[in-house]
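Participant: Sharing work_13.csv below, CSV, C-alpha atoms:
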chain,number,residue,atom,x,y,z
A,1,MET,CA,-7.5,50.0,1.3
A,2,ALA,CA,-7.8,46.5,-0.3
A,3,ASP,CA,-10.1,46.2,-3.3
A,4,LEU,CA,-13.0,44.0,-1.9
A,5,GLY,CA,-13.9,43.1,-5.5
A,6,ASN,CA,-11.0,40.7,-5.2
A,7,PRO,CA,-12.3,37.4,-3.7
A,8,GLN,CA,-9.2,36.8,-1.5
A,9,ASN,CA,-9.6,40.2,0.1
A,10,THR,CA,-13.3,39.4,0.8
A,11,ILE,CA,-12.2,36.1,2.5
A,12,ASP,CA,-9.6,37.9,4.5
A,13,ILE,CA,-12.1,40.4,5.9
A,14,LEU,CA,-14.7,37.6,6.7
A,15,GLN,CA,-12.0,35.6,8.6
A,16,LYS,CA,-10.7,38.7,10.4
A,17,TYR,CA,-14.2,39.4,11.8
A,18,ASN,CA,-15.2,35.7,12.0
A,19,PHE,CA,-18.3,36.6,10.0
A,20,HIS,CA,-20.9,34.0,9.2
A,21,PHE,CA,-23.5,34.6,6.4
A,22,GLN,CA,-27.0,35.0,7.7
A,23,LYS,CA,-29.6,33.2,5.6
A,24,LYS,CA,-32.4,35.3,7.0
A,25,TYR,CA,-30.8,38.4,5.4
A,26,GLY,CA,-30.2,36.7,2.0
A,27,GLN,CA,-26.5,37.6,2.0
A,28,ASN,CA,-24.6,36.9,-1.2
A,29,PHE,CA,-21.6,39.2,-1.5
A,30,LEU,CA,-20.5,40.2,-5.0
A,31,ILE,CA,-16.8,39.2,-5.8
A,32,ASP,CA,-16.5,40.2,-9.5
A,33,THR,CA,-14.9,43.5,-10.5
A,34,HIS,CA,-16.3,43.3,-14.0
A,35,VAL,CA,-19.8,43.2,-12.7
A,36,LEU,CA,-19.1,46.0,-10.3
A,37,ASP,CA,-17.9,48.1,-13.2
A,38,LYS,CA,-21.0,47.3,-15.2
A,39,ILE,CA,-23.3,48.4,-12.3
A,40,ILE,CA,-21.4,51.7,-11.8
A,41,SER,CA,-21.5,52.4,-15.6
A,42,ALA,CA,-25.2,51.4,-16.0
A,43,ALA,CA,-26.2,53.7,-13.0
A,44,ASN,CA,-24.7,56.6,-14.9
A,45,ILE,CA,-23.1,57.9,-11.7
A,46,THR,CA,-21.5,61.3,-11.8
A,47,ALA,CA,-19.4,63.4,-9.3
A,48,ASP,CA,-22.6,65.3,-8.5
A,49,ASP,CA,-24.7,62.3,-7.5
A,50,CYS,CA,-25.9,61.2,-4.0
A,51,ILE,CA,-26.3,57.4,-4.0
A,52,LEU,CA,-28.5,55.4,-1.7
A,53,GLU,CA,-27.0,51.9,-1.4
A,54,ILE,CA,-29.2,49.2,0.1
A,55,GLY,CA,-27.5,46.3,1.9
A,56,PRO,CA,-23.8,47.2,1.4
A,57,GLY,CA,-22.6,44.0,3.0
A,58,ILE,CA,-18.8,44.4,3.7
A,59,GLY,CA,-18.6,47.5,1.5
A,60,THR,CA,-17.5,46.0,-1.8
A,61,MET,CA,-19.8,48.0,-4.1
A,62,THR,CA,-19.8,51.0,-1.6
A,63,GLN,CA,-16.0,51.5,-2.3
A,64,TYR,CA,-16.7,51.6,-6.0
A,65,LEU,CA,-19.7,54.0,-5.6
A,66,ALA,CA,-17.6,56.3,-3.3
A,67,GLU,CA,-14.9,56.6,-6.0
A,68,HIS,CA,-17.5,58.0,-8.5
A,69,ALA,CA,-20.2,59.8,-6.5
A,70,ALA,CA,-20.4,62.9,-4.4
A,71,LYS,CA,-22.0,61.1,-1.5
A,72,VAL,CA,-23.0,57.5,-0.6
A,73,ILE,CA,-25.6,56.7,2.0
A,74,ALA,CA,-25.3,52.9,2.8
A,75,VAL,CA,-28.2,51.4,4.8
A,76,GLU,CA,-27.4,48.0,6.4
A,77,ILE,CA,-29.7,45.9,8.6
A,78,ASP,CA,-27.2,43.4,10.0
A,79,ASP,CA,-25.5,44.8,13.1
A,80,LYS,CA,-22.6,42.3,12.7
A,81,LEU,CA,-21.6,44.2,9.5
A,82,ILE,CA,-21.5,47.7,11.0
A,83,PRO,CA,-18.0,47.3,12.5
A,84,ILE,CA,-16.7,45.7,9.3
A,85,LEU,CA,-18.1,48.6,7.2
A,86,ASN,CA,-16.5,51.1,9.6
A,87,ASP,CA,-13.2,49.3,8.9
A,88,THR,CA,-13.4,48.7,5.1
A,89,LEU,CA,-14.7,52.2,4.4
A,90,ASN,CA,-12.5,54.0,6.9
A,91,ASN,CA,-10.5,55.8,4.1
A,92,TYR,CA,-13.6,57.5,2.6
A,93,ASN,CA,-15.0,60.7,3.8
A,94,ASN,CA,-18.1,60.7,1.5
A,95,ILE,CA,-19.8,57.7,2.9
A,96,GLU,CA,-22.5,57.7,5.6
A,97,ILE,CA,-23.4,54.3,7.1
A,98,ILE,CA,-27.0,53.9,8.5
A,99,HIS,CA,-27.8,50.9,10.6
A,100,ASN,CA,-31.5,50.2,9.8
A,101,ASP,CA,-34.0,48.2,7.9
A,102,ILE,CA,-34.5,49.9,4.5
A,103,LEU,CA,-38.3,49.1,4.7
A,104,LYS,CA,-38.4,51.2,7.9
A,105,THR,CA,-36.0,54.0,6.8
A,106,ASP,CA,-37.2,57.5,6.1
A,107,ILE,CA,-35.6,57.9,2.7
A,108,GLN,CA,-37.2,61.4,2.2
A,109,SER,CA,-35.3,62.7,5.2
A,110,ILE,CA,-32.0,61.2,3.7
A,111,ALA,CA,-32.7,63.0,0.4
A,112,ASP,CA,-33.4,66.2,2.4
A,113,LYS,CA,-30.4,65.9,4.6
A,114,TYR,CA,-27.7,64.8,2.2
A,115,ASN,CA,-29.0,66.0,-1.2
A,116,ASN,CA,-31.0,69.1,-0.6
A,117,GLY,CA,-34.2,67.2,-1.4
A,118,LYS,CA,-33.0,66.4,-4.9
A,119,PRO,CA,-33.5,62.9,-6.4
A,120,LEU,CA,-31.2,60.1,-5.2
A,121,LYS,CA,-29.9,57.3,-7.4
A,122,VAL,CA,-30.5,53.9,-5.8
A,123,VAL,CA,-27.9,51.2,-6.3
A,124,ALA,CA,-28.0,47.8,-4.6
A,125,ASN,CA,-27.3,44.1,-4.6
A,126,LEU,CA,-30.8,43.3,-3.2
A,127,PRO,CA,-31.7,40.4,-0.9
A,128,TYR,CA,-33.8,38.3,-3.2
A,129,TYR,CA,-36.5,37.4,-0.7
A,130,ILE,CA,-37.6,41.1,-0.3
A,131,THR,CA,-36.8,42.5,-3.8
A,132,THR,CA,-40.4,43.4,-4.6
A,133,PRO,CA,-41.3,45.1,-1.3
A,134,ILE,CA,-38.2,47.2,-1.5
A,135,ILE,CA,-38.6,48.3,-5.1
A,136,MET,CA,-42.4,48.9,-4.8
A,137,GLY,CA,-41.8,50.8,-1.5
A,138,LEU,CA,-39.3,53.1,-3.3
A,139,PHE,CA,-41.8,53.8,-6.1
A,140,GLU,CA,-45.1,54.0,-4.2
A,141,LYS,CA,-43.9,56.4,-1.4
A,142,GLN,CA,-43.2,59.1,-4.0
A,143,ILE,CA,-39.6,59.4,-2.7
A,144,PRO,CA,-37.3,61.6,-4.9
A,145,ILE,CA,-35.5,59.0,-7.0
A,146,ASP,CA,-33.9,59.3,-10.4
A,147,SER,CA,-33.1,55.7,-11.0
A,148,ILE,CA,-32.8,52.3,-9.3
A,149,THR,CA,-30.0,50.0,-10.5
A,150,VAL,CA,-30.1,46.7,-8.7
A,151,MET,CA,-28.9,43.1,-8.7
A,152,VAL,CA,-32.0,40.8,-8.5
A,153,GLN,CA,-32.9,37.2,-9.3
A,154,LYS,CA,-32.8,36.7,-13.1
A,155,GLU,CA,-36.4,35.5,-13.2
A,156,VAL,CA,-37.5,38.7,-11.3
A,157,ALA,CA,-35.6,40.9,-13.8
A,158,GLU,CA,-37.4,39.1,-16.7
A,159,ARG,CA,-40.8,39.7,-15.0
A,160,MET,CA,-40.1,43.4,-14.6
A,161,ARG,CA,-39.4,44.1,-18.2
A,162,THR,CA,-41.7,41.6,-20.1
A,163,CYS,CA,-44.7,42.4,-22.2
A,164,PRO,CA,-48.3,41.0,-22.5
A,165,GLY,CA,-48.6,37.4,-23.6
A,166,SER,CA,-45.5,36.2,-21.8
A,167,LYS,CA,-45.7,33.7,-19.0
A,168,ASP,CA,-43.6,36.1,-16.9
A,169,TYR,CA,-46.0,39.0,-17.4
A,170,GLY,CA,-47.9,39.9,-14.3
A,171,ALA,CA,-48.7,42.5,-11.7
A,172,LEU,CA,-45.0,43.2,-11.0
A,173,SER,CA,-44.4,43.9,-14.8
A,174,LEU,CA,-47.2,46.4,-14.9
A,175,ALA,CA,-46.3,48.1,-11.6
A,176,VAL,CA,-42.6,48.5,-12.5
A,177,GLN,CA,-43.5,49.8,-16.0
A,178,PHE,CA,-46.0,52.3,-14.6
A,179,TYR,CA,-43.3,53.9,-12.6
A,180,SER,CA,-40.2,53.4,-14.7
A,181,GLU,CA,-38.4,52.3,-17.9
A,182,PRO,CA,-36.7,48.9,-17.2
A,183,TYR,CA,-33.5,48.1,-18.9
A,184,LEU,CA,-31.6,44.8,-18.5
A,185,VAL,CA,-27.9,45.6,-18.0
A,186,ALA,CA,-26.4,42.1,-17.6
A,187,ASN,CA,-27.0,38.5,-16.6
A,188,VAL,CA,-24.7,37.5,-13.7
A,189,PRO,CA,-23.8,33.8,-13.0
A,190,PRO,CA,-23.7,32.3,-9.5
A,191,ASN,CA,-19.9,32.2,-9.4
A,192,CYS,CA,-19.8,36.0,-9.1
A,193,PHE,CA,-21.0,35.7,-5.5
A,194,MET,CA,-19.9,34.4,-2.1
A,195,PRO,CA,-21.6,32.2,-1.2
A,196,ARG,CA,-22.9,31.1,-4.5
A,197,PRO,CA,-26.7,31.5,-4.8
A,198,ASN,CA,-28.8,28.6,-6.3
A,199,VAL,CA,-30.2,30.9,-9.0
A,200,GLY,CA,-29.0,33.1,-11.8
A,201,SER,CA,-29.0,36.9,-11.2
A,202,ALA,CA,-29.3,40.0,-13.3
A,203,VAL,CA,-28.6,43.7,-13.1
A,204,ILE,CA,-31.6,45.8,-14.1
A,205,ARG,CA,-31.9,49.6,-14.2
A,206,LEU,CA,-35.2,51.2,-13.6
A,207,THR,CA,-35.2,54.8,-14.8
A,208,LYS,CA,-38.1,56.7,-13.2
A,209,HIS,CA,-40.6,58.2,-15.6
A,210,LYS,CA,-40.7,62.0,-15.5
A,211,THR,CA,-44.4,61.9,-16.4
A,212,SER,CA,-46.7,58.9,-16.1
A,213,PRO,CA,-46.9,56.7,-19.2
A,214,VAL,CA,-50.7,56.4,-18.8
A,215,ASN,CA,-53.5,58.8,-17.7
A,216,VAL,CA,-55.8,57.1,-15.2
A,217,LYS,CA,-58.5,58.6,-13.0
A,218,ASP,CA,-58.0,56.3,-10.0
A,219,LYS,CA,-54.5,54.7,-9.8
A,220,GLU,CA,-55.5,52.6,-6.7
A,221,LEU,CA,-58.5,51.1,-8.6
A,222,MET,CA,-56.3,50.3,-11.6
A,223,PHE,CA,-53.9,48.4,-9.4
A,224,SER,CA,-56.7,46.6,-7.6
A,225,LEU,CA,-57.9,45.4,-11.1
A,226,ILE,CA,-54.3,44.3,-12.0
A,227,ARG,CA,-53.9,42.4,-8.7
A,228,ALA,CA,-57.3,40.7,-9.2
A,229,ALA,CA,-56.5,39.8,-12.8
A,230,PHE,CA,-53.2,38.1,-11.9
A,231,ASN,CA,-54.3,36.5,-8.6
A,232,GLN,CA,-56.4,34.1,-10.7
A,233,ARG,CA,-54.6,34.4,-14.1
A,234,ARG,CA,-56.0,31.1,-15.4
A,235,LYS,CA,-59.6,32.5,-15.2
A,236,THR,CA,-61.1,35.0,-17.7
A,237,LEU,CA,-60.6,38.6,-16.6
A,238,ALA,CA,-64.4,38.9,-16.0
A,239,ASN,CA,-64.4,36.0,-13.6
A,240,ALA,CA,-61.1,37.1,-11.9
A,241,LEU,CA,-62.5,40.6,-11.2
A,242,ASN,CA,-65.9,39.2,-10.1
A,243,ASN,CA,-64.2,36.8,-7.6
A,244,SER,CA,-61.9,39.5,-6.1
A,245,SER,CA,-62.5,40.5,-2.4
A,246,GLU,CA,-60.9,43.9,-3.3
A,247,LEU,CA,-63.6,44.8,-5.8
A,248,SER,CA,-67.3,45.3,-5.4
A,249,PHE,CA,-68.5,45.6,-9.0
A,250,THR,CA,-71.4,43.3,-10.2
A,251,LYS,CA,-70.9,40.8,-13.0
A,252,GLU,CA,-73.1,43.1,-15.2
A,253,GLU,CA,-70.9,46.2,-14.5
A,254,ILE,CA,-67.7,44.2,-15.3
A,255,SER,CA,-69.2,42.8,-18.6
A,256,ALA,CA,-70.4,46.3,-19.6
A,257,ALA,CA,-67.0,47.9,-18.9
A,258,LEU,CA,-65.2,45.1,-20.9
A,259,GLU,CA,-67.6,45.7,-23.8
A,260,ASN,CA,-67.2,49.5,-23.7
A,261,CYS,CA,-63.4,49.0,-23.9
A,262,GLY,CA,-63.8,46.7,-26.9
A,263,PHE,CA,-62.4,43.6,-25.1
A,264,ASN,CA,-63.7,40.1,-25.7
A,265,CYS,CA,-65.7,38.7,-22.8
A,266,ASN,CA,-63.3,35.7,-22.6
A,267,ILE,CA,-60.1,37.8,-22.5
A,268,ARG,CA,-57.5,37.1,-19.7
A,269,GLY,CA,-55.6,39.7,-17.8
A,270,GLU,CA,-52.3,38.7,-19.3
A,271,ALA,CA,-53.4,40.0,-22.7
A,272,LEU,CA,-54.0,43.5,-21.4
A,273,THR,CA,-51.4,46.3,-21.6
A,274,LEU,CA,-51.0,49.1,-19.0
A,275,ASN,CA,-53.1,51.4,-21.2
A,276,ASP,CA,-55.8,48.7,-21.4
A,277,PHE,CA,-56.0,48.4,-17.6
A,278,ALA,CA,-56.1,52.2,-17.3
A,279,LYS,CA,-59.0,52.3,-19.8
A,280,LEU,CA,-60.9,49.5,-18.0
A,281,SER,CA,-60.4,51.3,-14.7
A,282,ASP,CA,-61.7,54.6,-16.0
A,283,ASN,CA,-64.8,52.7,-17.5
A,284,LEU,CA,-65.5,51.0,-14.1
A,285,LYS,CA,-65.0,54.3,-12.3
A,286,ARG,CA,-67.8,55.9,-14.4
Would you encode the structure as structure tokens?

Facilitator:
Amino acid sequence: MADLGNPQNTIDILQKYNFHFQKKYGQNFLIDTHVLDKIISAANITADDCILEIGPGIGTMTQYLAEHAAKVIAVEIDDKLIPILNDTLNNYNNIEIIHNDILKTDIQSIADKYNNGKPLKVVANLPYYITTPIIMGLFEKQIPIDSITVMVQKEVAERMRTCPGSKDYGALSLAVQFYSEPYLVANVPPNCFMPRPNVGSAVIRLTKHKTSPVNVKDKELMFSLIRAAFNQRRKTLANALNNSSELSFTKEEISAALENCGFNCNIRGEALTLNDFAKLSDNLKR
């Protein structure tokens, strides 16, 4: 089977099936073998692993994954790519292609069926327009996952791993860091894709925490505070929380909680760490 990491082989397959890229699916196929090698290496794939690949495209990375893992479950939404995948992956007996929207896929049942309920490793070249819903869905549903190694927009990768005080720091940073340890693997220029995207990309690995990095009494409340703080990030934290339709605390309750935590009344949300938000949440919960 032809190595699809070679751009000419990708072109041949696209022409054979008269395939046209669909903007609505955010399709940009990876055509750089060095980047593929980096992804496989960063994901720490072993011969015992069961991999969930999201959006396999024409099967470029799927081939690489199948060479290293015990099993690869590839979930593809575009029905025009299913016959192509059946062709390009025909020589592999350890790949299962599922035609579905990943946001509507029962990943728990995939783990149960193909990996005896043990944690999956997720690897993907994600469509940039739904990166956040996919990643947060994987974390929030408490699906058995060991790590998520994904290609995302460079700017999004920076937001995931940044710290308080940065302009990129926000609700996504805190959510990702609550569930995982982010590690930037590599920046990837537009010429590594077909068609070329208009933005830079990056590979990031999110290794799921075995135990939560913070103790918080009410996780939902903490994330409501985080969303409120960054929905109006130019305002002081007190005003942002007071204006939020998600929260029902009085101005006095918010001021008292900030004071109990030792925070300045004019502090902004972007100055608070994950521990700070947990502390504030526990104070308001009382």

Participant: Counting only C-alpha atoms, which residues of stretch 123-225 of chain A fall within 12 Å of stretch 36-45 of chain A, and what is the closest atom pair for each with its distance in Å at one decimal, ordered by chain and rising number, as a Markdown table?

Facilitator:
| residue | atom | partner | partner_atom | distance |
| --- | --- | --- | --- | --- |
| A:Val123 | CA | A:Ala43 | CA | 7.4 |
| A:Ala124 | CA | A:Ile39 | CA | 9.0 |
| A:Asn125 | CA | A:Ile39 | CA | 9.7 |
| A:Asp146 | CA | A:Ala43 | CA | 9.9 |
| A:Ser147 | CA | A:Ala43 | CA | 7.5 |
| A:Ile148 | CA | A:Ala43 | CA | 7.7 |
| A:Thr149 | CA | A:Ala43 | CA | 5.9 |
| A:Val150 | CA | A:Ile39 | CA | 7.9 |
| A:Met151 | CA | A:Ile39 | CA | 8.5 |
| A:Pro182 | CA | A:Ala42 | CA | 11.8 |
| A:Tyr183 | CA | A:Ala42 | CA | 9.4 |
| A:Leu184 | CA | A:Ala42 | CA | 9.5 |
| A:Val185 | CA | A:Ala42 | CA | 6.7 |
| A:Ala186 | CA | A:Lys38 | CA | 7.9 |
| A:Asn187 | CA | A:Lys38 | CA | 10.7 |
| A:Val188 | CA | A:Lys38 | CA | 10.6 |
| A:Cys192 | CA | A:Leu36 | CA | 10.1 |
| A:Phe193 | CA | A:Leu36 | CA | 11.5 |
| A:Ala202 | CA | A:Ile39 | CA | 10.4 |
| A:Val203 | CA | A:Ile39 | CA | 7.1 |
| A:Ile204 | CA | A:Ala42 | CA | 8.7 |
| A:Arg205 | CA | A:Ala43 | CA | 7.1 |
| A:Leu206 | CA | A:Ala43 | CA | 9.4 |
| A:Thr207 | CA | A:Ala43 | CA | 9.2 |

Participant: Which one of A:Leu280, A:Leu14, A:Val156, A:Leu247 sits closest to A:Asn260 if you count only C-alpha atoms?

Facilitator: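 For A:Asn260, the nearest of the given residues is A:Leu280.
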
Participant: When distances are computed from all atoms listed in the file, which of A:Ser255, A:Thr273, A:Asn239, A:Thr132 shows the smallest separation from A:Leu172?

Facilitator: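 Result for the nearest residue to A:Leu172: A:Thr132.
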
Participant: Pick out the residues sitting within 10 Å of A:Asn264, and hand them over as a PyMOL selection string; count only C-alpha atoms, and ignore anything fewer than 6 positions along from it in its own chain.

Facilitator: chain A and resi 236-238+255+258

Participant: A:Pro213: which residues within 10 Å, counting only C-alpha atoms, same-chain residues fewer than 4 positions away excluded, as a compact mmCIF listing (two decimals) with C-alpha atoms, in the coordinates of the input?

Facilitator:
# COMPACT_ATOMS: atom_id res chain seq x y z
CA GLN A 177 -43.50 49.80 -16.00
CA PHE A 178 -46.00 52.30 -14.60
CA TYR A 179 -43.30 53.90 -12.60
CA SER A 180 -40.20 53.40 -14.70
CA GLU A 181 -38.40 52.30 -17.90
CA HIS A 209 -40.60 58.20 -15.60
CA LEU A 274 -51.00 49.10 -19.00
CA ASN A 275 -53.10 51.40 -21.20

Participant: Rounded to one decimal in Å, what is the spacing between atom CA of A:Asn94 and atom CA of A:Ile11?

Facilitator: 25.3 Å

Participant: With distances taken over only C-alpha atoms, which of A:Val199, A:Ser173, A:Lys113, A:Asp106 is nearest to A:Lys141?

Facilitator: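 Closest candidate: A:Asp106.
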
Participant: What is the distance between atom CA of A:Ala229 and atom CA of A:Glu270, in Å to one decimal?

Facilitator: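 Result for atom CA of A:Ala229 versus atom CA of A:Glu270: 7.8 Å, one decimal.
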
Participant: Provide the atom CA of A:Gln15 to atom CA of A:Pro190 distance in Å, to one decimal place.

Facilitator: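 We find that atom CA of A:Gln15 and atom CA of A:Pro190 lie 21.8 Å from each other.
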